[in-house]
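Here's the structure we're looking at; comments come further down.
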Amino acid sequence: MMSELIVPLILLLGGILFFILELFLPSGGILGLLSAGMIVGSVWQAFEASEQLGLFFLLATLVIVPIALVLGLTIMPKTPLVRRMILGNVPEQTPATTGKPGVDALELENLVGQTGKALSDLRPSGVALLEGRRLSVVSREFISSGSEIIVSRIEGNNIIVKSTPKHEES
C-alpha cells in the first residue's frame, strides 16, 4: 500500500509546487501545463492503485488547487518581486501628502480678491505670481504676460483670474 501511494503523492506535490511557481514566475504557461499534467497524472496513478485512493486524490485535488489559487493570488501582489515588476521601485507605503509645495483647498479660498502679476500669457491658462508664489491660474479672457491680475473665484482646484480694473482701462 505504501509503495502505491508514493508516486501519486510525489506527482501531486510536484503539481502543486509547479502551480505555485506559475503564479510567481513568468513562464508563459509552461509551469502551469506541467502542473496540470502532474496533478492529472497523480489522480490517474492513484486510481490505478485503487479506486478508494483515486477518489481521495481527486477530492484532495479539488480542495487543494482552489485554495492554492486563492492564497497565491492574495499573497502574490504583496511579494517584493511582483511589486518591483508592476510598480518599479515604488516603496510599499507612500507617505500621506501634506499639500506642500502645492496649495491646499483652504488656502485657495484665501486667494480670492488677491492681486498679482501674470508671468506668462494667459490663454486661458498660464502662470501668475500671487502672494510671492508662482501658481497655475486660468482666465476667461486673454491676458498678456506682465499684466496685473486679480483672483475672482476658485472653481475646484482652478484659480480663476481676470485683469485688474486699472489694466482694463489702459
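In the C-alpha cells, the first chain shown is A, the next is B, and so on; residue numbers restart at 1 for each chain, and ligands run from 1 in the order shown.
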- Message: Residues within 6 Å of stretch 120-128 of chain A, please, as an MDAnalysis selection string. Count only C-alpha atoms; anything in the same chain fewer than 3 positions from it doesn't count.
- Response: chainID A and resid 117 134:139 142:145
- Mind checking which residues fall within 6 Å of A:Val161, counting only C-alpha atoms, ignoring those fewer than 5 positions away in the same chain, and posting them as a ChimeraX atom specification? /A:139,150-152
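Take atom CA of A:Leu59 and atom CA of A:Trp44: the distance between them is 12.8 Å.
Distance-wise, atom CA of A:Ile154 and atom CA of A:Val112 end up 7.1 Å apart.
Our summary of the geometry notes that atom CA of A:Gly14 is positioned 11.4 Å from atom CA of A:Gly32.
The protein and nucleic acid residues lying at most 12 Å from A:Leu62 are Leu12, Ile16, Ile39, Val40, Val43, Leu55, Phe56, Phe57, Leu58, Leu59, Val65, Pro66, Ile67, Ala68 and Leu69 of chain A, with only C-alpha atoms considered and sequence neighbours fewer than 3 positions away removed.
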- Message: Excluding stretch 72-76 of chain A and its own-chain neighbours fewer than 3 positions away, which residues fall within 8 Å of it when counting only C-alpha atoms? Please give them as a list in words.
- Response: Ile20, Leu23, Phe24, Ala68, Leu69, Thr79 and Val82 of chain A
